>>> print(open('final_7.json').read())   # JSON, C-alpha atoms and all ligand atoms
[["chain", "number", "residue", "atom", "x", "y", "z"],
["U", 1, "MET", "CA", -136.43, -43.63, -40.42],
["U", 2, "LEU", "CA", -137.36, -40.41, -42.08],
["U", 3, "ASP", "CA", -134.46, -37.97, -42.19],
["U", 4, "ASN", "CA", -135.67, -34.52, -41.28],
["U", 5, "ARG", "CA", -132.17, -33.04, -41.53],
["U", 6, "LYS", "CA", -133.22, -31.82, -44.97],
["U", 7, "SER", "CA", -134.84, -28.81, -43.26],
["U", 8, "ASP", "CA", -131.64, -27.84, -41.46],
["U", 9, "ASN", "CA", -129.89, -26.78, -44.63],
["U", 10, "LEU", "CA", -127.32, -24.02, -44.92],
["U", 11, "TYR", "CA", -129.99, -21.39, -45.49],
["U", 12, "GLY", "CA", -132.14, -22.37, -42.50],
["U", 13, "LYS", "CA", -135.73, -23.54, -42.30],
["U", 14, "GLY", "CA", -137.16, -20.03, -42.74],
["U", 15, "CYS", "CA", -135.59, -19.73, -46.19],
["U", 16, "LEU", "CA", -137.03, -23.09, -47.24],
["U", 17, "SER", "CA", -140.54, -22.21, -46.16],
["U", 18, "TYR", "CA", -140.23, -18.86, -47.92],
["U", 19, "VAL", "CA", -139.23, -20.62, -51.15],
["U", 20, "ASN", "CA", -142.05, -23.14, -50.72],
["U", 21, "GLN", "CA", -144.53, -20.36, -50.13],
["U", 22, "CYS", "CA", -143.35, -18.47, -53.23],
["U", 23, "LEU", "CA", -143.52, -21.62, -55.33],
["U", 24, "TYR", "CA", -147.01, -22.35, -54.08],
["U", 25, "GLU", "CA", -148.31, -18.80, -54.54],
["U", 26, "ASN", "CA", -146.74, -18.31, -57.94],
["U", 27, "SER", "CA", -146.97, -21.87, -59.21],
["U", 28, "THR", "CA", -149.22, -20.94, -62.15],
["U", 29, "GLU", "CA", -146.60, -18.39, -63.30],
["U", 30, "ILE", "CA", -143.50, -20.41, -62.46],
["U", 31, "PHE", "CA", -144.58, -23.72, -63.99],
["U", 32, "PRO", "CA", -144.72, -22.56, -67.65],
["U", 33, "ILE", "CA", -141.37, -20.76, -67.21],
["U", 34, "PHE", "CA", -139.87, -23.91, -65.71],
["U", 35, "ILE", "CA", -141.17, -26.06, -68.61],
["U", 36, "PHE", "CA", -139.89, -23.52, -71.15],
["U", 37, "THR", "CA", -136.44, -23.47, -69.51],
["U", 38, "VAL", "CA", -136.20, -27.27, -69.40],
["U", 39, "LYS", "CA", -137.26, -27.54, -73.07],
["U", 40, "PHE", "CA", -134.78, -24.83, -74.04],
["U", 41, "LEU", "CA", -131.91, -26.57, -72.23],
["U", 42, "ILE", "CA", -132.78, -29.98, -73.69],
["U", 43, "THR", "CA", -132.94, -28.54, -77.22],
["U", 44, "LYS", "CA", -129.63, -26.74, -76.68],
["U", 45, "PHE", "CA", -128.01, -29.93, -75.45],
["U", 46, "MET", "CA", -129.47, -32.00, -78.28],
["U", 47, "SER", "CA", -128.44, -29.48, -80.93],
["U", 48, "SER", "CA", -124.82, -29.70, -79.97],
["U", 49, "GLU", "CA", -124.85, -33.48, -80.00],
["U", 50, "PHE", "CA", -126.63, -34.43, -83.24],
["U", 51, "TRP", "CA", -125.33, -34.06, -86.79],
["U", 52, "TYR", "CA", -128.93, -33.59, -88.03],
["U", 53, "LYS", "CA", -129.61, -30.69, -85.68],
["U", 54, "GLU", "CA", -130.90, -28.58, -88.61],
["U", 55, "GLY", "CA", -133.45, -31.29, -89.39],
["U", 56, "LEU", "CA", -133.90, -33.75, -92.26],
["U", 57, "HIS", "CA", -136.25, -33.88, -95.21],
["U", 58, "PHE", "CA", -138.50, -36.84, -95.81],
["U", 59, "GLY", "CA", -141.57, -37.45, -97.97],
["U", 60, "CYS", "CA", -142.76, -40.98, -98.76],
["U", 61, "LYS", "CA", -142.98, -41.79, -102.47],
["U", 62, "ILE", "CA", -145.13, -44.86, -101.85],
["U", 63, "CYS", "CA", -142.79, -47.11, -103.77],
["U", 64, "GLY", "CA", -143.20, -49.98, -101.28],
["U", 65, "ARG", "CA", -139.47, -50.77, -101.09],
["U", 66, "CYS", "CA", -139.41, -50.72, -97.31],
["U", 67, "CYS", "CA", -142.37, -53.13, -97.19],
["U", 68, "CYS", "CA", -140.85, -55.90, -99.29],
["U", 69, "GLY", "CA", -137.59, -57.67, -100.05],
["U", 70, "GLU", "CA", -135.64, -59.65, -97.53],
["U", 71, "SER", "CA", -137.52, -61.41, -94.81],
["U", 72, "GLY", "CA", -137.90, -59.39, -91.60],
["U", 73, "TYR", "CA", -140.19, -58.49, -88.75],
["U", 74, "VAL", "CA", -142.83, -55.81, -88.40],
["U", 75, "TRP", "CA", -143.62, -55.87, -84.69],
["U", 76, "VAL", "CA", -147.19, -55.15, -83.68],
["U", 77, "THR", "CA", -148.92, -54.47, -80.38],
["U", 78, "THR", "CA", -152.49, -55.25, -79.35],
["U", 79, "GLU", "CA", -153.51, -51.59, -79.80],
["U", 80, "GLU", "CA", -152.02, -51.55, -83.30],
["U", 81, "ILE", "CA", -153.78, -54.81, -84.19],
["U", 82, "ASN", "CA", -157.08, -53.35, -83.00],
["U", 83, "ARG", "CA", -156.61, -50.19, -85.07],
["U", 84, "MET", "CA", -155.57, -52.05, -88.24],
["U", 85, "ALA", "CA", -158.42, -54.53, -87.87],
["U", 86, "LYS", "CA", -160.89, -51.67, -87.55],
["U", 87, "LYS", "CA", -159.43, -50.04, -90.64],
["U", 88, "LEU", "CA", -159.98, -53.25, -92.62],
["U", 89, "GLY", "CA", -163.46, -53.74, -91.16],
["U", 90, "ILE", "CA", -162.70, -57.06, -89.48],
["U", 91, "SER", "CA", -162.34, -58.19, -85.87],
["U", 92, "ALA", "CA", -159.00, -58.22, -84.08],
["U", 93, "ILE", "CA", -159.18, -62.02, -83.91],
["U", 94, "GLN", "CA", -159.75, -62.28, -87.66],
["U", 95, "PHE", "CA", -156.88, -59.86, -88.23],
["U", 96, "GLU", "CA", -154.52, -61.87, -86.04],
["U", 97, "GLN", "CA", -155.45, -65.12, -87.71],
["U", 98, "ALA", "CA", -154.95, -63.72, -91.19],
["U", 99, "PHE", "CA", -152.01, -61.34, -90.83],
["U", 100, "VAL", "CA", -150.04, -61.96, -87.63],
["U", 101, "TRP", "CA", -147.67, -64.64, -86.42],
["U", 102, "THR", "CA", -145.93, -65.10, -83.10],
["U", 103, "VAL", "CA", -142.16, -65.10, -83.09],
["U", 104, "ARG", "CA", -140.51, -67.58, -80.72],
["U", 105, "GLY", "CA", -143.77, -67.74, -78.76],
["U", 106, "ARG", "CA", -143.42, -64.17, -77.59],
["U", 107, "LYS", "CA", -143.58, -61.10, -79.82],
["U", 108, "ARG", "CA", -146.03, -60.70, -82.68],
["U", 109, "SER", "CA", -145.09, -59.68, -86.20],
["U", 110, "LEU", "CA", -146.97, -59.16, -89.47],
["U", 111, "LYS", "CA", -146.80, -62.09, -91.86],
["U", 112, "GLU", "CA", -145.09, -61.92, -95.24],
["U", 113, "PHE", "CA", -145.90, -63.33, -98.65],
["U", 114, "PRO", "CA", -143.38, -65.87, -99.98],
["U", 115, "ASN", "CA", -141.75, -63.11, -102.08],
["U", 116, "GLY", "CA", -141.04, -61.07, -98.94],
["U", 117, "ASP", "CA", -143.85, -58.52, -99.41],
["U", 118, "CYS", "CA", -145.55, -57.50, -96.19],
["U", 119, "VAL", "CA", -148.96, -59.13, -95.99],
["U", 120, "LEU", "CA", -150.54, -55.65, -95.88],
["U", 121, "LEU", "CA", -148.79, -54.32, -98.97],
["U", 122, "ASN", "CA", -151.08, -53.78, -101.93],
["U", 123, "GLU", "CA", -149.54, -55.87, -104.68],
["U", 124, "LYS", "CA", -150.54, -53.51, -107.49],
["U", 125, "SER", "CA", -150.37, -49.98, -106.05],
["U", 126, "ARG", "CA", -147.39, -50.85, -103.76],
["U", 127, "GLY", "CA", -149.15, -48.85, -101.06],
["U", 128, "CYS", "CA", -149.96, -49.96, -97.53],
["U", 129, "LYS", "CA", -153.53, -51.14, -97.01],
["U", 130, "VAL", "CA", -153.61, -49.63, -93.52],
["U", 131, "TYR", "CA", -151.34, -46.64, -94.14],
["U", 132, "GLU", "CA", -153.06, -44.23, -91.73],
["U", 133, "ASP", "CA", -153.04, -46.90, -89.04],
["U", 134, "ARG", "CA", -149.75, -48.63, -89.79],
["U", 135, "PRO", "CA", -147.62, -49.85, -86.85],
["U", 136, "VAL", "CA", -145.23, -47.47, -85.12],
["U", 137, "GLN", "CA", -142.28, -49.38, -86.61],
["U", 138, "CYS", "CA", -143.44, -48.36, -90.11],
["U", 139, "ARG", "CA", -144.57, -44.92, -89.00],
["U", 140, "THR", "CA", -141.14, -44.00, -87.67],
["U", 141, "TRP", "CA", -139.18, -45.09, -90.75],
["U", 142, "PRO", "CA", -136.68, -43.76, -91.85],
["U", 143, "PHE", "CA", -135.80, -42.10, -88.54],
["U", 144, "TRP", "CA", -134.50, -45.25, -86.92],
["U", 145, "GLN", "CA", -131.29, -45.12, -84.87],
["U", 146, "GLN", "CA", -129.34, -47.22, -87.35],
["U", 147, "ASN", "CA", -130.41, -44.98, -90.26],
["U", 148, "ILE", "CA", -129.46, -41.66, -88.68],
["U", 149, "SER", "CA", -126.48, -42.61, -86.55],
["U", 150, "SER", "CA", -124.16, -40.77, -88.97],
["U", 151, "PRO", "CA", -124.36, -38.82, -92.26],
["U", 152, "LYS", "CA", -123.02, -41.95, -93.96],
["U", 153, "SER", "CA", -125.79, -44.17, -92.61],
["U", 154, "TRP", "CA", -128.38, -41.58, -93.71],
["U", 155, "GLU", "CA", -126.79, -41.51, -97.17],
["U", 156, "ARG", "CA", -127.03, -45.30, -97.32],
["U", 157, "THR", "CA", -130.68, -45.14, -96.26],
["U", 158, "ALA", "CA", -131.40, -42.49, -98.90],
["U", 159, "LYS", "CA", -130.01, -44.79, -101.59],
["U", 160, "PHE", "CA", -132.57, -47.37, -100.56],
["U", 161, "CYS", "CA", -135.52, -45.05, -99.80],
["U", 162, "PRO", "CA", -136.33, -42.42, -102.46],
["U", 163, "GLY", "CA", -138.33, -40.42, -99.89],
["U", 164, "CYS", "CA", -135.20, -39.38, -97.96],
["U", 165, "ASN", "CA", -134.03, -35.81, -98.56],
["U", 166, "GLN", "CA", -137.36, -35.00, -100.21],
["U", 167, "GLY", "CA", -140.55, -33.36, -99.00],
["U", 168, "LYS", "CA", -141.30, -32.18, -95.50],
["U", 169, "MET", "CA", -138.56, -30.92, -93.21],
["U", 170, "TYR", "CA", -138.52, -32.77, -89.88],
["U", 171, "SER", "CA", -137.04, -30.86, -86.97],
["U", 172, "LEU", "CA", -134.52, -32.32, -84.56],
["U", 173, "GLU", "CA", -137.25, -32.71, -81.95],
["U", 174, "GLU", "CA", -139.56, -34.54, -84.37],
["U", 175, "ILE", "CA", -136.77, -36.86, -85.49],
["U", 176, "GLU", "CA", -135.78, -37.63, -81.91],
["U", 177, "GLU", "CA", -139.37, -38.30, -80.94],
["U", 178, "GLN", "CA", -139.73, -40.80, -83.78],
["U", 179, "LYS", "CA", -136.35, -42.41, -83.10],
["U", 180, "ASN", "CA", -137.12, -42.84, -79.42],
["U", 181, "SER", "CA", -140.56, -44.30, -79.92],
["U", 182, "ILE", "CA", -139.18, -47.62, -81.13],
["U", 183, "SER", "CA", -136.66, -50.05, -79.72],
["U", 184, "PHE", "CA", -135.40, -53.03, -81.65],
["E", 1, "LIG", "S1", -138.93, -46.92, -99.33],
["E", 1, "LIG", "FE1", -139.23, -44.81, -98.64],
["E", 1, "LIG", "S2", -140.37, -43.84, -100.29],
["E", 1, "LIG", "FE2", -140.57, -46.05, -100.57],
["E", 1, "LIG", "S3", -142.45, -46.60, -99.46],
["E", 1, "LIG", "FE3", -140.76, -46.86, -98.04],
["E", 1, "LIG", "S4", -140.66, -44.90, -96.96],
["E", 1, "LIG", "FE4", -141.87, -44.55, -98.79],
["E", 2, "LIG", "S1", -147.76, -52.52, -92.42],
["E", 2, "LIG", "FE1", -147.87, -51.26, -94.23],
["E", 2, "LIG", "S2", -146.18, -49.81, -94.02],
["E", 2, "LIG", "FE2", -145.80, -51.50, -92.62],
["E", 2, "LIG", "S3", -144.49, -52.93, -93.74],
["E", 2, "LIG", "FE3", -146.63, -53.58, -94.03],
["E", 2, "LIG", "S4", -147.28, -52.61, -95.91],
["E", 2, "LIG", "FE4", -145.45, -51.56, -95.22]]
>>> encode(input="final_7.json", output="structure tokens")
Amino acid sequence: MLDNRKSDNLYGKGCLSYVNQCLYENSTEIFPIFIFTVKFLITKFMSSEFWYKEGLHFGCKICGRCCCGESGYVWVTTEEINRMAKKLGISAIQFEQAFVWTVRGRKRSLKEFPNGDCVLLNEKSRGCKVYEDRPVQCRTWPFWQQNISSPKSWERTAKFCPGCNQGKMYSLEEIEEQKNSISF
């Protein structure tokens, strides 16, 4: 049963309809202010919580270190496969057959060469063959949760990746957006 007691609040029905009317009439003015306030509060909250609240520098040196070495997974979605296939001028089916394998019958990952290089890593230049269209997992490196969970973990990441603490400054919001766009 619908509960209409909501209207019988402490301030009476008249007050509610007045508020509703104001919101409706001034919605174009109130909405941007509301969004601004929410963003401001979120940023304030985030700033107090994160050690990298002033941002972090990162600029890829195209050394290829994060695309080789120990065996691992580079998860890919159908949309990413389509984009990468287009970049290489082949069909999605051809791309899947050549570069993708299915892990435990479920998720799809890029294949590797026997030496651990990602199948899309250019052997000579050490650059990615689909750099502009690389999967989100690669795109969000090095701002993964495990890399930025503490100054120590960032330091450890910087020892591995020469692009850390170099180049462009990423704001807290940009880092959080990247961190939250992947889940391992
Ligand atoms: S290890 Fe760092 S600098 Fe090297 S390719 Fe990967 S992201 Fe770029
Ligand atoms: S897709 Fe490109 S960026 Fe990602 S691991 Fe492979 S070579 Fe590296």
>>> axis_aligned_box(input="final_7.json", around="ligand LIG 1 (chain E)", padding_each_side="3 Å", output="lines of an AutoDock Vina configuration file")
center_x = -140.7
center_y = -45.4
center_z = -98.8
size_x = 9.5
size_y = 9.1
size_z = 9.6
>>> residues_near_ligand(input="final_7.json", ligand="ligand LIG 2 (chain E)", cutoff="9 Å", atoms="all atoms listed in the file", output="number ranges by chain")
U: 64-68, 73-74, 84, 110-112, 117-122, 126-131, 133-139
>>> residues_near_ligand(input="final_7.json", ligand="ligand LIG 1 (chain E)", cutoff="7 Å", atoms="only C-alpha atoms and all ligand atoms", output="mmCIF file with C-alpha atoms, keeping the file's coordinate frame")
data_model
loop_
_atom_site.group_PDB
_atom_site.id
_atom_site.type_symbol
_atom_site.label_atom_id
_atom_site.label_comp_id
_atom_site.auth_asym_id
_atom_site.auth_seq_id
_atom_site.Cartn_x
_atom_site.Cartn_y
_atom_site.Cartn_z
ATOM 1 C CA GLY U 59 -141.570 -37.450 -97.970
ATOM 2 C CA CYS U 60 -142.760 -40.980 -98.760
ATOM 3 C CA LYS U 61 -142.980 -41.790 -102.470
ATOM 4 C CA ILE U 62 -145.130 -44.860 -101.850
ATOM 5 C CA CYS U 63 -142.790 -47.110 -103.770
ATOM 6 C CA GLY U 64 -143.200 -49.980 -101.280
ATOM 7 C CA ARG U 65 -139.470 -50.770 -101.090
ATOM 8 C CA CYS U 66 -139.410 -50.720 -97.310
ATOM 9 C CA CYS U 67 -142.370 -53.130 -97.190
ATOM 10 C CA TRP U 141 -139.180 -45.090 -90.750
ATOM 11 C CA PRO U 142 -136.680 -43.760 -91.850
ATOM 12 C CA PHE U 160 -132.570 -47.370 -100.560
ATOM 13 C CA CYS U 161 -135.520 -45.050 -99.800
ATOM 14 C CA PRO U 162 -136.330 -42.420 -102.460
ATOM 15 C CA GLY U 163 -138.330 -40.420 -99.890
ATOM 16 C CA CYS U 164 -135.200 -39.380 -97.960
#
>>> residues_around(input="final_7.json", residues="U:Pro151", least_positions_apart="3", cutoff="12 Å", atoms="only C-alpha atoms", output="number ranges by chain")
U: 50-53, 56, 145-148, 154-158, 165
>>> atom_distance(input="final_7.json", atom1="atom CA of U:Trp144", atom2="atom CA of U:Arg108")
19.7 Å
>>> atom_distance(input="final_7.json", atom1="atom CA of U:Glu54", atom2="atom CA of U:Pro32")
25.8 Å
>>> atom_distance(input="final_7.json", atom1="atom CA of U:Ile175", atom2="atom CA of U:Phe143")
6.1 Å
>>> closest_residue(input="final_7.json", among="U:Ile90, U:Leu172, U:Ile33, U:Ile182", to="U:Val76", atoms="only C-alpha atoms")
U:Ile182
>>> residues_around(input="final_7.json", residues="U:Glu173", least_positions_apart="2", cutoff="9 Å", atoms="all atoms listed in the file", output="list of chain:residue names")
U:Thr43, U:Met46, U:Lys53, U:Gly55, U:Tyr170, U:Ser171, U:Ile175, U:Glu176, U:Glu177, U:Gln178
>>> residues_around(input="final_7.json", residues="stretch 95-98 of chain U", least_positions_apart="3", cutoff="8 Å", atoms="all atoms listed in the file", output="list of chain:residue names")
U:Ile81, U:Met84, U:Ala85, U:Ile90, U:Ser91, U:Ala92, U:Trp101
